[in-house]
>>> print(open('start-v8.csv').read())   # CSV, C-alpha atoms
chain,number,residue,atom,x,y,z
A,1,MET,CA,-11.2,-26.7,-5.0
A,2,ALA,CA,-8.4,-26.9,-2.5
A,3,GLY,CA,-5.4,-29.2,-2.7
A,4,HIS,CA,-3.3,-30.2,0.2
A,5,SER,CA,-0.1,-32.1,0.8
A,6,ASP,CA,0.4,-35.3,2.8
A,7,ASP,CA,0.1,-35.0,6.6
A,8,ILE,CA,3.1,-33.4,8.2
A,9,VAL,CA,5.1,-35.6,10.4
A,10,MET,CA,7.8,-33.1,11.6
A,11,GLU,CA,6.8,-30.5,14.2
A,12,ILE,CA,5.9,-27.1,12.8
A,13,THR,CA,7.2,-24.1,14.6
A,14,PRO,CA,5.4,-20.8,14.9
A,15,GLN,CA,8.1,-19.2,12.7
A,16,VAL,CA,7.4,-21.8,10.0
A,17,LEU,CA,3.7,-21.1,10.3
A,18,LEU,CA,4.2,-17.3,9.8
A,19,LYS,CA,6.3,-18.0,6.7
A,20,ALA,CA,3.6,-20.2,5.4
A,21,TYR,CA,1.0,-17.5,5.8
A,22,ALA,CA,3.3,-15.1,4.0
A,23,CYS,CA,3.4,-17.6,1.1
A,24,GLY,CA,-0.4,-18.0,0.9
A,25,LEU,CA,-0.7,-21.3,2.8
A,26,PHE,CA,-2.5,-22.1,6.0
A,27,PRO,CA,-2.8,-25.4,8.0
A,28,MET,CA,-5.8,-27.6,8.9
A,29,ALA,CA,-6.4,-31.0,10.4
A,30,GLU,CA,-8.7,-33.7,9.2
A,31,SER,CA,-10.4,-33.8,12.7
A,32,ALA,CA,-9.8,-32.9,16.3
A,33,GLU,CA,-8.6,-36.4,16.9
A,34,ASP,CA,-6.1,-36.5,14.1
A,35,ALA,CA,-2.6,-35.6,15.3
A,36,GLY,CA,-1.3,-34.4,11.9
A,37,LEU,CA,-1.8,-31.2,9.8
A,38,PHE,CA,-1.8,-30.4,6.1
A,39,TRP,CA,-1.2,-27.2,4.2
A,40,LEU,CA,-4.0,-25.7,2.2
A,41,GLU,CA,-3.7,-23.3,-0.8
A,42,PRO,CA,-7.2,-22.9,-2.3
A,43,GLU,CA,-7.5,-22.1,-6.0
A,44,ARG,CA,-10.1,-19.5,-4.9
A,45,ARG,CA,-9.6,-17.7,-1.6
A,46,GLY,CA,-12.1,-16.0,0.6
A,47,VAL,CA,-11.4,-12.4,1.5
A,48,LEU,CA,-13.5,-9.7,3.0
A,49,PRO,CA,-12.6,-6.3,1.3
A,50,LEU,CA,-12.5,-3.7,4.0
A,51,ASP,CA,-13.8,-1.0,1.7
A,52,SER,CA,-17.0,-2.9,0.9
A,53,PHE,CA,-17.7,-4.3,4.4
A,54,HIS,CA,-21.5,-4.3,4.8
A,55,LEU,CA,-23.3,-3.8,8.1
A,56,PRO,CA,-27.0,-4.5,8.2
A,57,ARG,CA,-29.0,-1.7,9.8
A,58,ARG,CA,-30.3,-3.9,12.6
A,59,LEU,CA,-26.8,-4.9,13.4
A,60,ARG,CA,-25.7,-1.3,13.6
A,61,ARG,CA,-28.3,-0.7,16.3
A,62,THR,CA,-26.9,-3.7,18.2
A,63,ILE,CA,-23.4,-2.5,17.9
A,64,ARG,CA,-24.3,1.0,19.1
A,65,SER,CA,-26.2,-0.4,22.1
A,66,ASP,CA,-23.0,-2.0,23.5
A,67,ILE,CA,-25.0,-5.0,24.8
A,68,PHE,CA,-21.7,-6.9,24.7
A,69,GLU,CA,-18.5,-6.0,26.3
A,70,ILE,CA,-15.8,-6.4,23.6
A,71,ARG,CA,-12.4,-7.4,24.9
A,72,ILE,CA,-9.2,-7.8,22.8
A,73,SER,CA,-6.9,-10.8,23.3
A,74,THR,CA,-7.7,-11.4,27.0
A,75,ASP,CA,-8.6,-15.2,26.9
A,76,PHE,CA,-7.2,-17.1,23.9
A,77,GLN,CA,-7.8,-20.5,25.5
A,78,ALA,CA,-11.5,-19.8,26.1
A,79,VAL,CA,-11.9,-18.6,22.5
A,80,ILE,CA,-10.3,-21.5,20.8
A,81,ASP,CA,-12.1,-23.9,23.1
A,82,ALA,CA,-15.4,-22.4,22.1
A,83,CYS,CA,-14.4,-22.4,18.4
A,84,ALA,CA,-13.6,-26.1,18.7
A,85,ALA,CA,-16.8,-27.1,20.5
A,86,PRO,CA,-19.7,-28.7,18.6
A,87,MET,CA,-22.4,-26.3,17.6
A,88,PRO,CA,-25.7,-26.6,15.8
A,89,GLY,CA,-24.9,-27.5,12.2
A,90,ARG,CA,-21.3,-28.3,13.1
A,91,ARG,CA,-20.7,-31.5,15.0
A,92,LYS,CA,-17.0,-31.9,14.2
A,93,THR,CA,-14.1,-29.5,14.3
A,94,TRP,CA,-10.7,-29.4,12.7
A,95,ILE,CA,-9.0,-27.8,15.7
A,96,ASN,CA,-6.7,-30.4,17.1
A,97,ARG,CA,-4.0,-30.4,19.7
A,98,GLU,CA,-1.4,-29.2,17.2
A,99,ILE,CA,-3.5,-26.3,16.1
A,100,ARG,CA,-4.0,-25.4,19.8
A,101,ARG,CA,-0.3,-25.5,20.4
A,102,LEU,CA,0.8,-23.5,17.4
A,103,TYR,CA,-1.8,-20.7,17.8
A,104,GLY,CA,-1.3,-20.6,21.5
A,105,GLU,CA,2.4,-19.9,20.9
A,106,LEU,CA,1.6,-17.3,18.3
A,107,PHE,CA,-0.7,-15.7,20.8
A,108,ASP,CA,2.1,-15.6,23.4
A,109,MET,CA,4.4,-14.0,20.7
A,110,GLY,CA,1.8,-11.3,19.9
A,111,TYR,CA,0.9,-12.5,16.4
A,112,CYS,CA,-2.4,-14.3,17.2
A,113,HIS,CA,-5.3,-12.1,18.5
A,114,THR,CA,-8.8,-12.6,19.7
A,115,VAL,CA,-11.9,-10.4,19.6
A,116,GLU,CA,-14.2,-11.5,22.4
A,117,ALA,CA,-17.8,-10.6,23.2
A,118,TRP,CA,-18.7,-10.9,26.9
A,119,GLN,CA,-22.1,-10.6,28.6
A,120,ASP,CA,-22.8,-10.8,32.3
A,121,GLY,CA,-19.3,-12.1,32.9
A,122,LYS,CA,-19.5,-14.9,30.3
A,123,LEU,CA,-17.8,-15.3,27.0
A,124,VAL,CA,-20.7,-15.4,24.4
A,125,GLY,CA,-18.9,-14.9,21.1
A,126,GLY,CA,-15.6,-14.3,19.5
A,127,LEU,CA,-13.0,-15.0,16.8
A,128,TYR,CA,-9.3,-15.5,16.5
A,129,GLY,CA,-6.7,-15.1,13.8
A,130,VAL,CA,-3.2,-14.2,12.9
A,131,ALA,CA,-1.9,-10.6,12.2
A,132,LEU,CA,1.1,-10.3,10.0
A,133,ASN,CA,2.2,-6.9,8.7
A,134,GLY,CA,-0.9,-5.5,6.9
A,135,ALA,CA,-2.8,-8.8,6.8
A,136,PHE,CA,-5.2,-10.5,9.2
A,137,PHE,CA,-5.8,-14.2,8.6
A,138,GLY,CA,-9.1,-15.1,10.2
A,139,GLU,CA,-9.2,-18.7,11.6
A,140,SER,CA,-12.4,-19.4,13.3
A,141,MET,CA,-15.3,-17.7,15.1
A,142,PHE,CA,-18.2,-18.8,17.3
A,143,THR,CA,-21.3,-17.4,18.9
A,144,ARG,CA,-23.4,-18.4,21.9
A,145,SER,CA,-25.7,-15.4,21.8
A,146,THR,CA,-27.5,-13.7,18.9
A,147,ASP,CA,-25.2,-11.4,17.0
A,148,ALA,CA,-22.2,-11.8,19.3
A,149,SER,CA,-19.8,-13.0,16.6
A,150,LYS,CA,-21.2,-10.4,14.1
A,151,VAL,CA,-20.4,-7.6,16.6
A,152,CYS,CA,-16.9,-9.1,17.0
A,153,LEU,CA,-16.4,-9.0,13.3
A,154,ALA,CA,-17.4,-5.4,13.1
A,155,HIS,CA,-15.0,-4.5,15.9
A,156,LEU,CA,-12.3,-6.5,14.0
A,157,VAL,CA,-12.8,-4.6,10.8
A,158,ALA,CA,-12.7,-1.2,12.5
A,159,ARG,CA,-9.5,-2.3,14.3
A,160,MET,CA,-8.0,-3.2,11.0
A,161,VAL,CA,-8.9,0.1,9.4
A,162,VAL,CA,-7.4,2.1,12.2
A,163,GLY,CA,-4.4,-0.2,12.5
A,164,GLY,CA,-3.4,0.2,8.8
A,165,TYR,CA,-4.3,-3.2,7.5
A,166,SER,CA,-5.4,-3.9,3.9
A,167,LEU,CA,-6.3,-7.7,3.8
A,168,LEU,CA,-8.8,-9.7,5.8
A,169,ASP,CA,-8.4,-13.3,4.7
A,170,THR,CA,-11.4,-15.5,5.5
A,171,GLN,CA,-9.9,-18.6,3.8
A,172,PHE,CA,-13.4,-19.6,2.5
A,173,VAL,CA,-16.7,-17.8,1.9
A,174,THR,CA,-19.7,-19.0,3.9
A,175,ASP,CA,-23.2,-17.8,3.6
A,176,HIS,CA,-22.7,-16.0,6.9
A,177,LEU,CA,-19.6,-14.1,5.7
A,178,SER,CA,-21.0,-13.3,2.3
A,179,LYS,CA,-23.7,-11.2,4.0
A,180,PHE,CA,-20.9,-8.9,5.1
A,181,GLY,CA,-19.3,-8.6,1.7
A,182,ALA,CA,-16.9,-11.5,1.7
A,183,ILE,CA,-16.0,-12.7,-1.8
A,184,GLU,CA,-13.9,-15.3,-3.5
A,185,VAL,CA,-10.8,-14.3,-5.5
A,186,PRO,CA,-8.5,-16.4,-7.8
A,187,GLN,CA,-5.3,-17.5,-6.3
A,188,ALA,CA,-3.2,-15.0,-8.4
A,189,GLU,CA,-5.4,-12.1,-7.2
A,190,TYR,CA,-5.1,-13.3,-3.6
A,191,ASN,CA,-1.3,-13.4,-3.9
A,192,ARG,CA,-1.3,-9.8,-5.2
A,193,LEU,CA,-3.4,-8.6,-2.3
A,194,LEU,CA,-1.2,-10.6,0.1
A,195,ASN,CA,2.0,-9.2,-1.3
A,196,GLU,CA,0.6,-5.6,-1.0
A,197,ALA,CA,-0.4,-6.3,2.6
A,198,LEU,CA,2.9,-7.7,3.6
A,199,GLN,CA,4.5,-4.3,2.6
A,200,LEU,CA,2.5,-2.6,5.3
A,201,GLU,CA,3.1,-2.3,9.0
A,202,GLY,CA,-0.3,-2.9,10.6
A,203,ASP,CA,-0.8,-2.4,14.4
A,204,PHE,CA,-3.6,-4.4,15.9
A,205,LEU,CA,-3.6,-2.4,19.1
A,206,THR,CA,-3.8,1.2,17.6
A,207,PHE,CA,-7.5,1.2,18.1
A,208,PRO,CA,-8.3,1.4,21.8
A,209,THR,CA,-9.1,-1.9,23.5
A,210,ASN,CA,-12.0,-0.2,25.2
A,211,ALA,CA,-13.6,1.1,22.0
A,212,THR,CA,-17.3,1.4,22.1
A,213,GLY,CA,-19.8,0.4,19.5
A,214,ALA,CA,-20.2,4.1,18.6
A,215,ASP,CA,-16.4,4.3,18.1
A,216,VAL,CA,-16.6,1.3,15.7
A,217,LEU,CA,-19.4,2.8,13.7
A,218,ASP,CA,-17.7,6.2,13.4
A,219,VAL,CA,-14.6,4.5,12.0
A,220,LEU,CA,-16.5,2.4,9.5
A,221,GLU,CA,-18.7,5.3,8.3
A,222,LYS,CA,-15.7,7.6,7.9
A,223,TRP,CA,-13.8,4.9,6.1
A,224,HIS,CA,-16.6,4.4,3.6
A,225,ARG,CA,-17.0,8.2,3.0
A,226,GLU,CA,-13.3,8.6,2.3
A,227,ASP,CA,-13.1,5.5,0.1
A,228,ARG,CA,-15.9,6.9,-2.1
>>> encode(input="start-v8.csv", output="structure tokens")
Amino acid sequence: MAGHSDDIVMEITPQVLLKAYACGLFPMAESAEDAGLFWLEPERRGVLPLDSFHLPRRLRRTIRSDIFEIRISTDFQAVIDACAAPMPGRRKTWINREIRRLYGELFDMGYCHTVEAWQDGKLVGGLYGVALNGAFFGESMFTRSTDASKVCLAHLVARMVVGGYSLLDTQFVTDHLSKFGAIEVPQAEYNRLLNEALQLEGDFLTFPTNATGADVLDVLEKWHREDR
């Protein structure tokens, strides 16, 4: 389904990584222990259309209750550490030292962002990805508490809607993401969506960083009414 090139020997810079995203590529590693990276360009790409983002009723209640404190881009290191940690059903990770370096540099440059769920002073869920013009390239997510990552995803989508984004790239479609409306599109369709998104000027921080669950639901409900 997805082809990749030989492992990269030369060091990748954050600028090269951004150009790769703009061309429809993203990097991965064979394992956390492998020092190299390879480029992926799947023949079918996972995307989550913002206009068909689905929120189960029970999750809406959880979002509105604000049982998690949602923070934006406050602790990248903790998020990527958690994404790389073994979890039930996932004993291995592809997040190696090179991935950590590259996305840490992109975070410092303002291109990589995290959406974090905190509870009682502890990080219990989150995600990270790269924002470029009107596209957000989701990289990884984790949860340590029921619904934590799902709430982060809802906050991300609302943030993208308010910020003027048009493409949420999930790379692949998992059973988890498909419940929210994620679909696979052919490479040519993905490239069209990507090119359209790159013409936009998204702003990840337009939506207030202290937005409540009610704020998120208001944005999503208004978006769906206007889209129809």
>>> residues_around(input="start-v8.csv", residues="Leu200 in chain A", least_positions_apart="6", cutoff="12 Å", atoms="all atoms listed in the file", output="list in words")
Ala131, Leu132, Asn133, Gly134, Ala135, Phe136, Met160, Gly163, Gly164, Tyr165, Ser166, Leu167, Leu193 and Leu194 of chain A
>>> write_last_selection(input="start-v8.csv", atoms="C-alpha atoms", output="mmCIF file, in the frame of the given file")
data_model
loop_
_atom_site.group_PDB
_atom_site.id
_atom_site.type_symbol
_atom_site.label_atom_id
_atom_site.label_comp_id
_atom_site.auth_asym_id
_atom_site.auth_seq_id
_atom_site.Cartn_x
_atom_site.Cartn_y
_atom_site.Cartn_z
ATOM 1 C CA ALA A 131 -1.900 -10.600 12.200
ATOM 2 C CA LEU A 132 1.100 -10.300 10.000
ATOM 3 C CA ASN A 133 2.200 -6.900 8.700
ATOM 4 C CA GLY A 134 -0.900 -5.500 6.900
ATOM 5 C CA ALA A 135 -2.800 -8.800 6.800
ATOM 6 C CA PHE A 136 -5.200 -10.500 9.200
ATOM 7 C CA MET A 160 -8.000 -3.200 11.000
ATOM 8 C CA GLY A 163 -4.400 -0.200 12.500
ATOM 9 C CA GLY A 164 -3.400 0.200 8.800
ATOM 10 C CA TYR A 165 -4.300 -3.200 7.500
ATOM 11 C CA SER A 166 -5.400 -3.900 3.900
ATOM 12 C CA LEU A 167 -6.300 -7.700 3.800
ATOM 13 C CA LEU A 193 -3.400 -8.600 -2.300
ATOM 14 C CA LEU A 194 -1.200 -10.600 0.100
#
>>> atom_distance(input="start-v8.csv", atom1="CA of Leu55 in chain A", atom2="CA of Ile183 in chain A")
15.2 Å
>>> residues_around(input="start-v8.csv", residues="Ala84 in chain A", least_positions_apart="2", cutoff="7 Å", atoms="only C-alpha atoms", output="compact mmCIF listing (two decimals) with C-alpha atoms, keeping the file's coordinate frame")
# COMPACT_ATOMS: atom_id res chain seq x y z
CA ILE A 80 -10.30 -21.50 20.80
CA ASP A 81 -12.10 -23.90 23.10
CA ALA A 82 -15.40 -22.40 22.10
CA PRO A 86 -19.70 -28.70 18.60
CA THR A 93 -14.10 -29.50 14.30
CA ILE A 95 -9.00 -27.80 15.70
>>> residues_near_point(input="start-v8.csv", point="(-6.0, -12.2, 7.6)", cutoff="12 Å", atoms="all atoms listed in the file", output="PyMOL selection string")
chain A and resi 18+21-22+24-26+45-50+111-113+127-140+156-157+160+165-172+190+193-194+197-198+202+204
>>> closest_residue(input="start-v8.csv", among="A:Trp94, A:Trp223, A:Trp118, A:Phe180", to="Ile72 in chain A", atoms="all atoms listed in the file")
A:Trp118
>>> residues_around(input="start-v8.csv", residues="Arg101 in chain A", least_positions_apart="3", cutoff="12 Å", atoms="only C-alpha atoms", output="ChimeraX atom specification")
/A:11-14,17,35,76-77,80,95-98,104-108,112
>>> atom_distance(input="start-v8.csv", atom1="CA of Ala117 in chain A", atom2="CA of Arg225 in chain A")
27.6 Å
>>> closest_residue(input="start-v8.csv", among="A:Val161, A:Met109, A:Leu40, A:Met141", to="Glu221 in chain A", atoms="all atoms listed in the file")
A:Val161
>>> residues_around(input="start-v8.csv", residues="Asp120 in chain A", least_positions_apart="2", cutoff="10 Å", atoms="only C-alpha atoms", output="VMD selection string")
chain A and resid 67 to 69 118 122 to 124
>>> residues_around(input="start-v8.csv", residues="Phe142 in chain A", least_positions_apart="4", cutoff="6 Å", atoms="only C-alpha atoms", output="ChimeraX atom specification")
/A:83,125-126
